[in-house]
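Enquirer: Below you will find the structure I want to go over with you.
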Amino acid sequence: MKIDLTDTTSSKINKSLVQGRRAIGTPAVGMVLTLVIVTDEENAYDALKAANEAAREHPSRKLVVIKRVSRSPRDRANARLDAEVRVGVDAGTGETVVLRLYGDVIDHAQSVVLPLLLPDAPVVVWWPVNGPTNPTSDPLGALAQRRVTDSYASEHPVQDLMARADAYTPGDTDLAWTRITPWRSMLAAALDQVACEVTSVEVAGEEFNPSCELLGMWLADRLKVPVTRTASSGPGLTAVRMETDCGPIVLDRADGSLATLSIEGQPDRAVALKRRDTAELIAEELRRLDPDDTYASALRFGVERLGYGGAYAARAKSGAKAEARSEGDSEGKSASAKKSAAEKKAAAK
């Protein structure tokens, strides 16, 4: 069942939810959390599809917040809230409310969302794209116990990891971290099978893939050994090689699906290590809503402490220099503009 509301309010949306549940014969609310999805029109469909699949495991009220860009002063002054309420088969497991914010309402999204949160239930906010550098300081993020970003969807993922390390607050997490859960499990299990000392590690994967950086940071933080990050053609994370005093341990996944685990003195083993879709990642994140101390420790280790090998090192350094120059140019233009304004003000006096 779908109910379209134009130029509406949070109170009317709540009433529509109650009416919808009664109309389909399920007045009781059997949901365990509220999932707030902050996205744009382009990515809303894919994000909601993933959330609906994850809701089979975690029945929830899904609030999709879409901030529509106003391109003129007249549009910005025309504040409006449109909503699409979905219950029953149209909402999957739970309920769905798609909120489209126009004009000045965009700056007060938390006031729209707050009355729609399930009472006495956890709140999770997910940014599929364009996540804030500091999720806790975001008005919507401040409402949540768990804040999920995705550095992989960022234009500068490595820089985002560095910024989020400085702004980390318990409850923050990243789908780039969730993607490496099977890799962390497999590598930990491999080390449990040998009584060797790890001396160094090499992590290979696509350039500027934040999951590769996070895996390298986790290994360096836990093993206290040098970790080198090298580039490969992908897809995603392709190999981890751990040098030990008993011989190398290699986990190699060249095709993004099936990996080979090689341990000195043992036969090679094929292990399933497929790349997971967004629905699986979100479902995993919703299984635990307490702070992830392991992620926090790995994130705070710092990308800059990883070693970068081969041509990737040169490209990483040139990218960082280019960004520094861009920031310097912006600061120079800003200073010049301020100076010009001050001169005009002095001339007016």
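Labels used: A, B, ... for chains in the order of the structure tokens, numbers from 1 for residues in each chain, and numbers from 1 for ligands as shown.
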Using only C-alpha atoms, which residues of segment 233-252 of chain A come within 10 Å of segment 194-201 of chain A, and what is the closest atom pair for each, with the distance in Å to one decimal? Give it as JSON lines, sorted by chain and residue number.
Expert:
{"residue": "A:Val240", "atom": "CA", "partner": "A:Val201", "partner_atom": "CA", "distance": 7.2}
{"residue": "A:Arg241", "atom": "CA", "partner": "A:Val201", "partner_atom": "CA", "distance": 5.7}
{"residue": "A:Met242", "atom": "CA", "partner": "A:Val201", "partner_atom": "CA", "distance": 4.4}
{"residue": "A:Glu243", "atom": "CA", "partner": "A:Ser200", "partner_atom": "CA", "distance": 5.3}
{"residue": "A:Thr244", "atom": "CA", "partner": "A:Val198", "partner_atom": "CA", "distance": 4.2}
{"residue": "A:Asp245", "atom": "CA", "partner": "A:Glu197", "partner_atom": "CA", "distance": 5.7}
{"residue": "A:Cys246", "atom": "CA", "partner": "A:Cys196", "partner_atom": "CA", "distance": 5.8}
{"residue": "A:Gly247", "atom": "CA", "partner": "A:Cys196", "partner_atom": "CA", "distance": 8.5}
{"residue": "A:Pro248", "atom": "CA", "partner": "A:Val198", "partner_atom": "CA", "distance": 8.9}
{"residue": "A:Ile249", "atom": "CA", "partner": "A:Val198", "partner_atom": "CA", "distance": 9.3}
{"residue": "A:Val250", "atom": "CA", "partner": "A:Val201", "partner_atom": "CA", "distance": 9.7}
Enquirer: Store the residues picked out above, limited to C-alpha atoms, as a PDB file, in the first residue's frame.
Expert:
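Produced file result-v3.pdb, reproduced below:
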ATOM      1  CA  VAL A 240      47.681 -10.460   1.381  1.00  0.00           C
ATOM      2  CA  ARG A 241      51.184 -11.856   1.860  1.00  0.00           C
ATOM      3  CA  MET A 242      52.539 -12.278   5.389  1.00  0.00           C
ATOM      4  CA  GLU A 243      56.238 -13.050   5.729  1.00  0.00           C
ATOM      5  CA  THR A 244      57.025 -15.171   8.799  1.00  0.00           C
ATOM      6  CA  ASP A 245      60.109 -16.877  10.214  1.00  0.00           C
ATOM      7  CA  CYS A 246      58.549 -20.191   9.069  1.00  0.00           C
ATOM      8  CA  GLY A 247      57.819 -19.124   5.513  1.00  0.00           C
ATOM      9  CA  PRO A 248      55.182 -16.971   3.772  1.00  0.00           C
ATOM     10  CA  ILE A 249      51.416 -17.129   4.335  1.00  0.00           C
ATOM     11  CA  VAL A 250      49.515 -15.943   1.257  1.00  0.00           C
TER      12      VAL A 250
END
Enquirer: Skipping near chain neighbours, those fewer than 4 positions away, what residues fall within 7 Å of Ile3 of chain A using only C-alpha atoms, listed as a list in words?
Expert: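 My reading of the contact set: Glu84, Val85 and Arg86 of chain A.
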Enquirer: Give me, as number ranges by chain, all polymer residues having an atom no more than 6 Å from segment 38-52 of chain A, counting only C-alpha atoms and skipping those fewer than 4 positions away in the same chain.
Expert: A: 65-66, 92, 127, 278-279
Enquirer: Please identify all polymer residues within 9 Å of Pro291 of chain A, counting only C-alpha atoms, omitting same-chain residues fewer than 4 positions from it, and present them as an MDAnalysis selection string.
Expert: chainID A and resid 145:146 169:173 295:296
Enquirer: My list of candidates is A:Arg61, A:Arg71, A:Arg179, A:Lys12. Which is closest to Ala83 of chain A when distances are computed with only C-alpha atoms?
Expert: A:Lys12
Enquirer: Using DSSP on the backbone, list every residue of segment 118-192 of chain A that comes out as helix (DSSP H, G or I), and give them as a PDB file with all heavy atoms, in the first residue's frame.
Expert:
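Saved as result.pdb:
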ATOM      1  N   PRO A 135      30.474  12.324  11.174  1.00  0.00           N
ATOM      2  CA  PRO A 135      29.061  11.926  11.233  1.00  0.00           C
ATOM      3  C   PRO A 135      28.352  12.356  12.509  1.00  0.00           C
ATOM      4  O   PRO A 135      27.158  12.632  12.491  1.00  0.00           O
ATOM      5  CB  PRO A 135      29.127  10.394  11.126  1.00  0.00           C
ATOM      6  CG  PRO A 135      30.425  10.114  10.456  1.00  0.00           C
ATOM      7  CD  PRO A 135      31.358  11.176  10.937  1.00  0.00           C
ATOM      8  N   THR A 136      29.071  12.419  13.624  1.00  0.00           N
ATOM      9  CA  THR A 136      28.434  12.772  14.892  1.00  0.00           C
ATOM     10  C   THR A 136      27.968  14.220  14.912  1.00  0.00           C
ATOM     11  O   THR A 136      26.954  14.543  15.537  1.00  0.00           O
ATOM     12  CB  THR A 136      29.406  12.539  16.057  1.00  0.00           C
ATOM     13  OG1 THR A 136      29.952  11.221  15.950  1.00  0.00           O
ATOM     14  CG2 THR A 136      28.705  12.666  17.390  1.00  0.00           C
ATOM     15  N   SER A 137      28.705  15.106  14.239  1.00  0.00           N
ATOM     16  CA  SER A 137      28.329  16.519  14.238  1.00  0.00           C
ATOM     17  C   SER A 137      27.199  16.821  13.264  1.00  0.00           C
ATOM     18  O   SER A 137      26.622  17.906  13.304  1.00  0.00           O
ATOM     19  CB  SER A 137      29.541  17.385  13.894  1.00  0.00           C
ATOM     20  OG  SER A 137      29.957  17.143  12.553  1.00  0.00           O
ATOM     21  N   GLY A 141      22.992  12.632  12.146  1.00  0.00           N
ATOM     22  CA  GLY A 141      23.873  11.686  12.824  1.00  0.00           C
ATOM     23  C   GLY A 141      23.783  11.789  14.332  1.00  0.00           C
ATOM     24  O   GLY A 141      23.954  10.789  15.039  1.00  0.00           O
ATOM     25  N   ALA A 142      23.489  12.996  14.836  1.00  0.00           N
ATOM     26  CA  ALA A 142      23.378  13.187  16.289  1.00  0.00           C
ATOM     27  C   ALA A 142      22.188  12.436  16.878  1.00  0.00           C
ATOM     28  O   ALA A 142      22.136  12.214  18.094  1.00  0.00           O
ATOM     29  CB  ALA A 142      23.266  14.674  16.597  1.00  0.00           C
ATOM     30  N   LEU A 143      21.228  12.028  16.039  1.00  0.00           N
ATOM     31  CA  LEU A 143      20.051  11.304  16.531  1.00  0.00           C
ATOM     32  C   LEU A 143      20.313   9.808  16.693  1.00  0.00           C
ATOM     33  O   LEU A 143      19.484   9.103  17.268  1.00  0.00           O
ATOM     34  CB  LEU A 143      18.879  11.481  15.556  1.00  0.00           C
ATOM     35  CG  LEU A 143      18.410  12.913  15.261  1.00  0.00           C
ATOM     36  CD1 LEU A 143      17.324  12.884  14.185  1.00  0.00           C
ATOM     37  CD2 LEU A 143      17.901  13.579  16.519  1.00  0.00           C
ATOM     38  N   SER A 151      33.282   4.986   2.585  1.00  0.00           N
ATOM     39  CA  SER A 151      34.398   5.701   1.970  1.00  0.00           C
ATOM     40  C   SER A 151      34.617   5.296   0.523  1.00  0.00           C
ATOM     41  O   SER A 151      35.181   6.059  -0.265  1.00  0.00           O
ATOM     42  CB  SER A 151      35.689   5.448   2.767  1.00  0.00           C
ATOM     43  OG  SER A 151      35.565   5.922   4.082  1.00  0.00           O
ATOM     44  N   TYR A 152      34.176   4.098   0.166  1.00  0.00           N
ATOM     45  CA  TYR A 152      34.372   3.619  -1.202  1.00  0.00           C
ATOM     46  C   TYR A 152      33.619   4.499  -2.203  1.00  0.00           C
ATOM     47  O   TYR A 152      34.026   4.614  -3.361  1.00  0.00           O
ATOM     48  CB  TYR A 152      33.897   2.173  -1.323  1.00  0.00           C
ATOM     49  CG  TYR A 152      34.254   1.518  -2.634  1.00  0.00           C
ATOM     50  CD1 TYR A 152      35.559   1.074  -2.887  1.00  0.00           C
ATOM     51  CD2 TYR A 152      33.306   1.345  -3.635  1.00  0.00           C
ATOM     52  CE1 TYR A 152      35.893   0.479  -4.095  1.00  0.00           C
ATOM     53  CE2 TYR A 152      33.638   0.753  -4.844  1.00  0.00           C
ATOM     54  CZ  TYR A 152      34.923   0.323  -5.069  1.00  0.00           C
ATOM     55  OH  TYR A 152      35.264  -0.247  -6.268  1.00  0.00           O
ATOM     56  N   ALA A 153      32.517   5.123  -1.768  1.00  0.00           N
ATOM     57  CA  ALA A 153      31.728   5.977  -2.648  1.00  0.00           C
ATOM     58  C   ALA A 153      32.235   7.412  -2.661  1.00  0.00           C
ATOM     59  O   ALA A 153      31.628   8.283  -3.292  1.00  0.00           O
ATOM     60  CB  ALA A 153      30.261   5.966  -2.219  1.00  0.00           C
ATOM     61  N   PRO A 157      38.779   8.756  -1.090  1.00  0.00           N
ATOM     62  CA  PRO A 157      38.540   7.838   0.027  1.00  0.00           C
ATOM     63  C   PRO A 157      39.642   7.835   1.081  1.00  0.00           C
ATOM     64  O   PRO A 157      39.359   7.775   2.283  1.00  0.00           O
ATOM     65  CB  PRO A 157      38.409   6.472  -0.658  1.00  0.00           C
ATOM     66  CG  PRO A 157      39.047   6.624  -1.989  1.00  0.00           C
ATOM     67  CD  PRO A 157      38.849   8.041  -2.381  1.00  0.00           C
ATOM     68  N   VAL A 158      40.894   7.897   0.648  1.00  0.00           N
ATOM     69  CA  VAL A 158      41.992   7.844   1.613  1.00  0.00           C
ATOM     70  C   VAL A 158      41.986   9.087   2.494  1.00  0.00           C
ATOM     71  O   VAL A 158      42.170   9.008   3.714  1.00  0.00           O
ATOM     72  CB  VAL A 158      43.339   7.688   0.875  1.00  0.00           C
ATOM     73  CG1 VAL A 158      44.499   7.736   1.864  1.00  0.00           C
ATOM     74  CG2 VAL A 158      43.364   6.378   0.106  1.00  0.00           C
ATOM     75  N   GLN A 159      41.748  10.241   1.881  1.00  0.00           N
ATOM     76  CA  GLN A 159      41.677  11.473   2.665  1.00  0.00           C
ATOM     77  C   GLN A 159      40.489  11.435   3.630  1.00  0.00           C
ATOM     78  O   GLN A 159      40.575  11.944   4.754  1.00  0.00           O
ATOM     79  CB  GLN A 159      41.564  12.689   1.730  1.00  0.00           C
ATOM     80  CG  GLN A 159      42.860  13.068   1.026  1.00  0.00           C
ATOM     81  CD  GLN A 159      43.200  12.139  -0.113  1.00  0.00           C
ATOM     82  OE1 GLN A 159      42.359  11.360  -0.565  1.00  0.00           O
ATOM     83  NE2 GLN A 159      44.434  12.204  -0.595  1.00  0.00           N
ATOM     84  N   ASP A 160      39.388  10.826   3.202  1.00  0.00           N
ATOM     85  CA  ASP A 160      38.231  10.694   4.084  1.00  0.00           C
ATOM     86  C   ASP A 160      38.556   9.832   5.300  1.00  0.00           C
ATOM     87  O   ASP A 160      38.120  10.127   6.424  1.00  0.00           O
ATOM     88  CB  ASP A 160      37.050  10.084   3.326  1.00  0.00           C
ATOM     89  CG  ASP A 160      36.259  11.128   2.558  1.00  0.00           C
ATOM     90  OD1 ASP A 160      36.743  12.278   2.479  1.00  0.00           O
ATOM     91  OD2 ASP A 160      35.178  10.814   2.028  1.00  0.00           O
ATOM     92  N   LEU A 161      39.303   8.761   5.098  1.00  0.00           N
ATOM     93  CA  LEU A 161      39.698   7.908   6.221  1.00  0.00           C
ATOM     94  C   LEU A 161      40.532   8.697   7.232  1.00  0.00           C
ATOM     95  O   LEU A 161      40.345   8.566   8.444  1.00  0.00           O
ATOM     96  CB  LEU A 161      40.497   6.705   5.725  1.00  0.00           C
ATOM     97  CG  LEU A 161      39.724   5.597   4.994  1.00  0.00           C
ATOM     98  CD1 LEU A 161      40.681   4.497   4.566  1.00  0.00           C
ATOM     99  CD2 LEU A 161      38.616   5.026   5.862  1.00  0.00           C
ATOM    100  N   MET A 162      41.429   9.516   6.737  1.00  0.00           N
ATOM    101  CA  MET A 162      42.268  10.323   7.623  1.00  0.00           C
ATOM    102  C   MET A 162      41.427  11.313   8.411  1.00  0.00           C
ATOM    103  O   MET A 162      41.619  11.495   9.626  1.00  0.00           O
ATOM    104  CB  MET A 162      43.329  11.049   6.810  1.00  0.00           C
ATOM    105  CG  MET A 162      44.309  10.110   6.104  1.00  0.00           C
ATOM    106  SD  MET A 162      45.403  10.949   4.920  1.00  0.00           S
ATOM    107  CE  MET A 162      46.373  11.954   6.035  1.00  0.00           C
ATOM    108  N   ALA A 163      40.457  11.950   7.731  1.00  0.00           N
ATOM    109  CA  ALA A 163      39.610  12.934   8.402  1.00  0.00           C
ATOM    110  C   ALA A 163      38.703  12.262   9.442  1.00  0.00           C
ATOM    111  O   ALA A 163      38.487  12.793  10.546  1.00  0.00           O
ATOM    112  CB  ALA A 163      38.765  13.688   7.381  1.00  0.00           C
ATOM    113  N   ARG A 164      38.175  11.082   9.110  1.00  0.00           N
ATOM    114  CA  ARG A 164      37.275  10.401  10.038  1.00  0.00           C
ATOM    115  C   ARG A 164      38.022   9.823  11.228  1.00  0.00           C
ATOM    116  O   ARG A 164      37.438   9.621  12.295  1.00  0.00           O
ATOM    117  CB  ARG A 164      36.487   9.321   9.308  1.00  0.00           C
ATOM    118  CG  ARG A 164      35.464   9.922   8.350  1.00  0.00           C
ATOM    119  CD  ARG A 164      34.451   8.924   7.831  1.00  0.00           C
ATOM    120  NE  ARG A 164      33.503   9.613   6.959  1.00  0.00           N
ATOM    121  CZ  ARG A 164      33.346   9.374   5.672  1.00  0.00           C
ATOM    122  NH1 ARG A 164      34.050   8.410   5.102  1.00  0.00           N
ATOM    123  NH2 ARG A 164      32.469  10.048   4.964  1.00  0.00           N
ATOM    124  N   ALA A 165      39.305   9.547  11.046  1.00  0.00           N
ATOM    125  CA  ALA A 165      40.108   9.098  12.187  1.00  0.00           C
ATOM    126  C   ALA A 165      40.216  10.207  13.219  1.00  0.00           C
ATOM    127  O   ALA A 165      40.140   9.963  14.431  1.00  0.00           O
ATOM    128  CB  ALA A 165      41.490   8.665  11.718  1.00  0.00           C
ATOM    129  N   ASP A 166      40.373  11.441  12.756  1.00  0.00           N
ATOM    130  CA  ASP A 166      40.470  12.577  13.681  1.00  0.00           C
ATOM    131  C   ASP A 166      39.139  12.867  14.363  1.00  0.00           C
ATOM    132  O   ASP A 166      39.107  13.337  15.500  1.00  0.00           O
ATOM    133  CB  ASP A 166      40.942  13.825  12.926  1.00  0.00           C
ATOM    134  CG  ASP A 166      42.351  13.687  12.395  1.00  0.00           C
ATOM    135  OD1 ASP A 166      43.130  12.918  12.993  1.00  0.00           O
ATOM    136  OD2 ASP A 166      42.682  14.336  11.375  1.00  0.00           O
ATOM    137  N   ALA A 167      38.035  12.595  13.649  1.00  0.00           N
ATOM    138  CA  ALA A 167      36.705  12.945  14.179  1.00  0.00           C
ATOM    139  C   ALA A 167      35.965  11.743  14.753  1.00  0.00           C
ATOM    140  O   ALA A 167      34.781  11.857  15.081  1.00  0.00           O
ATOM    141  CB  ALA A 167      35.872  13.579  13.055  1.00  0.00           C
ATOM    142  N   LEU A 175      31.293   1.083   5.674  1.00  0.00           N
ATOM    143  CA  LEU A 175      31.101  -0.153   4.920  1.00  0.00           C
ATOM    144  C   LEU A 175      32.404  -0.638   4.286  1.00  0.00           C
ATOM    145  O   LEU A 175      32.527  -1.831   3.948  1.00  0.00           O
ATOM    146  CB  LEU A 175      30.033   0.042   3.842  1.00  0.00           C
ATOM    147  CG  LEU A 175      28.600   0.254   4.329  1.00  0.00           C
ATOM    148  CD1 LEU A 175      27.629   0.249   3.151  1.00  0.00           C
ATOM    149  CD2 LEU A 175      28.188  -0.805   5.345  1.00  0.00           C
ATOM    150  N   ALA A 176      33.376   0.249   4.124  1.00  0.00           N
ATOM    151  CA  ALA A 176      34.687  -0.186   3.642  1.00  0.00           C
ATOM    152  C   ALA A 176      35.335  -1.136   4.652  1.00  0.00           C
ATOM    153  O   ALA A 176      36.079  -2.051   4.278  1.00  0.00           O
ATOM    154  CB  ALA A 176      35.589   1.025   3.400  1.00  0.00           C
ATOM    155  N   TRP A 177      35.043  -0.934   5.923  1.00  0.00           N
ATOM    156  CA  TRP A 177      35.521  -1.829   6.986  1.00  0.00           C
ATOM    157  C   TRP A 177      34.722  -3.136   6.979  1.00  0.00           C
ATOM    158  O   TRP A 177      35.286  -4.226   7.126  1.00  0.00           O
ATOM    159  CB  TRP A 177      35.412  -1.129   8.321  1.00  0.00           C
ATOM    160  CG  TRP A 177      35.657  -1.980   9.532  1.00  0.00           C
ATOM    161  CD1 TRP A 177      34.728  -2.481  10.387  1.00  0.00           C
ATOM    162  CD2 TRP A 177      36.932  -2.419  10.032  1.00  0.00           C
ATOM    163  NE1 TRP A 177      35.321  -3.208  11.382  1.00  0.00           N
ATOM    164  CE2 TRP A 177      36.677  -3.185  11.196  1.00  0.00           C
ATOM    165  CE3 TRP A 177      38.250  -2.253   9.619  1.00  0.00           C
ATOM    166  CZ2 TRP A 177      37.705  -3.773  11.948  1.00  0.00           C
ATOM    167  CZ3 TRP A 177      39.271  -2.834  10.370  1.00  0.00           C
ATOM    168  CH2 TRP A 177      38.992  -3.577  11.503  1.00  0.00           C
ATOM    169  N   THR A 178      33.423  -3.036   6.790  1.00  0.00           N
ATOM    170  CA  THR A 178      32.569  -4.230   6.778  1.00  0.00           C
ATOM    171  C   THR A 178      32.960  -5.169   5.652  1.00  0.00           C
ATOM    172  O   THR A 178      32.862  -6.398   5.790  1.00  0.00           O
ATOM    173  CB  THR A 178      31.095  -3.815   6.616  1.00  0.00           C
ATOM    174  OG1 THR A 178      30.817  -2.689   7.459  1.00  0.00           O
ATOM    175  CG2 THR A 178      30.161  -4.948   6.991  1.00  0.00           C
ATOM    176  N   THR A 181      35.533  -8.028   6.552  1.00  0.00           N
ATOM    177  CA  THR A 181      35.291  -8.985   7.642  1.00  0.00           C
ATOM    178  C   THR A 181      35.715 -10.407   7.274  1.00  0.00           C
ATOM    179  O   THR A 181      36.410 -11.066   8.057  1.00  0.00           O
ATOM    180  CB  THR A 181      33.814  -8.960   8.059  1.00  0.00           C
ATOM    181  OG1 THR A 181      33.474  -7.653   8.526  1.00  0.00           O
ATOM    182  CG2 THR A 181      33.546  -9.962   9.172  1.00  0.00           C
ATOM    183  N   PRO A 182      35.350 -10.944   6.091  1.00  0.00           N
ATOM    184  CA  PRO A 182      35.805 -12.305   5.750  1.00  0.00           C
ATOM    185  C   PRO A 182      37.329 -12.413   5.638  1.00  0.00           C
ATOM    186  O   PRO A 182      37.902 -13.438   6.008  1.00  0.00           O
ATOM    187  CB  PRO A 182      35.126 -12.573   4.399  1.00  0.00           C
ATOM    188  CG  PRO A 182      33.970 -11.625   4.342  1.00  0.00           C
ATOM    189  CD  PRO A 182      34.439 -10.411   5.067  1.00  0.00           C
ATOM    190  N   TRP A 183      37.968 -11.367   5.132  1.00  0.00           N
ATOM    191  CA  TRP A 183      39.427 -11.381   5.029  1.00  0.00           C
ATOM    192  C   TRP A 183      40.057 -11.415   6.424  1.00  0.00           C
ATOM    193  O   TRP A 183      41.009 -12.177   6.658  1.00  0.00           O
ATOM    194  CB  TRP A 183      39.921 -10.137   4.284  1.00  0.00           C
ATOM    195  CG  TRP A 183      39.738 -10.206   2.804  1.00  0.00           C
ATOM    196  CD1 TRP A 183      38.609  -9.926   2.101  1.00  0.00           C
ATOM    197  CD2 TRP A 183      40.723 -10.584   1.834  1.00  0.00           C
ATOM    198  NE1 TRP A 183      38.819 -10.096   0.759  1.00  0.00           N
ATOM    199  CE2 TRP A 183      40.110 -10.500   0.554  1.00  0.00           C
ATOM    200  CE3 TRP A 183      42.057 -10.972   1.907  1.00  0.00           C
ATOM    201  CZ2 TRP A 183      40.791 -10.791  -0.624  1.00  0.00           C
ATOM    202  CZ3 TRP A 183      42.744 -11.267   0.734  1.00  0.00           C
ATOM    203  CH2 TRP A 183      42.110 -11.180  -0.509  1.00  0.00           C
ATOM    204  N   ARG A 184      39.552 -10.629   7.327  1.00  0.00           N
ATOM    205  CA  ARG A 184      40.111 -10.610   8.682  1.00  0.00           C
ATOM    206  C   ARG A 184      39.926 -11.971   9.360  1.00  0.00           C
ATOM    207  O   ARG A 184      40.834 -12.462  10.042  1.00  0.00           O
ATOM    208  CB  ARG A 184      39.459  -9.497   9.501  1.00  0.00           C
ATOM    209  CG  ARG A 184      39.802  -8.105   8.999  1.00  0.00           C
ATOM    210  CD  ARG A 184      39.359  -7.011   9.949  1.00  0.00           C
ATOM    211  NE  ARG A 184      37.912  -6.903  10.052  1.00  0.00           N
ATOM    212  CZ  ARG A 184      37.224  -7.079  11.161  1.00  0.00           C
ATOM    213  NH1 ARG A 184      37.844  -7.397  12.285  1.00  0.00           N
ATOM    214  NH2 ARG A 184      35.912  -6.942  11.160  1.00  0.00           N
ATOM    215  N   SER A 185      38.757 -12.575   9.173  1.00  0.00           N
ATOM    216  CA  SER A 185      38.496 -13.886   9.765  1.00  0.00           C
ATOM    217  C   SER A 185      39.434 -14.946   9.207  1.00  0.00           C
ATOM    218  O   SER A 185      39.995 -15.768   9.944  1.00  0.00           O
ATOM    219  CB  SER A 185      37.041 -14.294   9.519  1.00  0.00           C
ATOM    220  OG  SER A 185      36.148 -13.353  10.066  1.00  0.00           O
ATOM    221  N   MET A 186      39.631 -14.933   7.880  1.00  0.00           N
ATOM    222  CA  MET A 186      40.472 -15.934   7.236  1.00  0.00           C
ATOM    223  C   MET A 186      41.934 -15.775   7.635  1.00  0.00           C
ATOM    224  O   MET A 186      42.639 -16.770   7.902  1.00  0.00           O
ATOM    225  CB  MET A 186      40.317 -15.825   5.716  1.00  0.00           C
ATOM    226  CG  MET A 186      40.844 -17.025   4.952  1.00  0.00           C
ATOM    227  SD  MET A 186      39.962 -18.540   5.341  1.00  0.00           S
ATOM    228  CE  MET A 186      38.305 -18.095   4.764  1.00  0.00           C
ATOM    229  N   LEU A 187      42.420 -14.532   7.707  1.00  0.00           N
ATOM    230  CA  LEU A 187      43.818 -14.301   8.078  1.00  0.00           C
ATOM    231  C   LEU A 187      44.069 -14.668   9.539  1.00  0.00           C
ATOM    232  O   LEU A 187      45.113 -15.250   9.873  1.00  0.00           O
ATOM    233  CB  LEU A 187      44.187 -12.839   7.824  1.00  0.00           C
ATOM    234  CG  LEU A 187      44.234 -12.416   6.348  1.00  0.00           C
ATOM    235  CD1 LEU A 187      44.384 -10.909   6.223  1.00  0.00           C
ATOM    236  CD2 LEU A 187      45.389 -13.116   5.627  1.00  0.00           C
ATOM    237  N   ALA A 188      43.117 -14.348  10.410  1.00  0.00           N
ATOM    238  CA  ALA A 188      43.265 -14.715  11.822  1.00  0.00           C
ATOM    239  C   ALA A 188      43.283 -16.231  11.988  1.00  0.00           C
ATOM    240  O   ALA A 188      44.074 -16.775  12.773  1.00  0.00           O
ATOM    241  CB  ALA A 188      42.128 -14.104  12.636  1.00  0.00           C
ATOM    242  N   ALA A 189      42.419 -16.921  11.237  1.00  0.00           N
ATOM    243  CA  ALA A 189      42.383 -18.381  11.303  1.00  0.00           C
ATOM    244  C   ALA A 189      43.690 -18.987  10.782  1.00  0.00           C
ATOM    245  O   ALA A 189      44.180 -19.987  11.319  1.00  0.00           O
ATOM    246  CB  ALA A 189      41.203 -18.913  10.499  1.00  0.00           C
ATOM    247  N   ALA A 190      44.268 -18.398   9.747  1.00  0.00           N
ATOM    248  CA  ALA A 190      45.531 -18.896   9.196  1.00  0.00           C
ATOM    249  C   ALA A 190      46.662 -18.761  10.211  1.00  0.00           C
ATOM    250  O   ALA A 190      47.490 -19.676  10.364  1.00  0.00           O
ATOM    251  CB  ALA A 190      45.871 -18.144   7.910  1.00  0.00           C
ATOM    252  N   LEU A 191      46.707 -17.651  10.914  1.00  0.00           N
ATOM    253  CA  LEU A 191      47.766 -17.451  11.910  1.00  0.00           C
ATOM    254  C   LEU A 191      47.593 -18.380  13.107  1.00  0.00           C
ATOM    255  O   LEU A 191      48.577 -18.731  13.770  1.00  0.00           O
ATOM    256  CB  LEU A 191      47.771 -15.988  12.367  1.00  0.00           C
ATOM    257  CG  LEU A 191      48.281 -14.971  11.334  1.00  0.00           C
ATOM    258  CD1 LEU A 191      48.124 -13.551  11.862  1.00  0.00           C
ATOM    259  CD2 LEU A 191      49.735 -15.251  10.979  1.00  0.00           C
ATOM    260  N   ASP A 192      46.352 -18.783  13.392  1.00  0.00           N
ATOM    261  CA  ASP A 192      46.116 -19.718  14.495  1.00  0.00           C
ATOM    262  C   ASP A 192      46.671 -21.107  14.198  1.00  0.00           C
ATOM    263  O   ASP A 192      46.853 -21.920  15.110  1.00  0.00           O
ATOM    264  CB  ASP A 192      44.617 -19.827  14.787  1.00  0.00           C
ATOM    265  CG  ASP A 192      44.080 -18.598  15.504  1.00  0.00           C
ATOM    266  OD1 ASP A 192      44.900 -17.856  16.078  1.00  0.00           O
ATOM    267  OD2 ASP A 192      42.850 -18.377  15.479  1.00  0.00           O
TER     268      ASP A 192
END
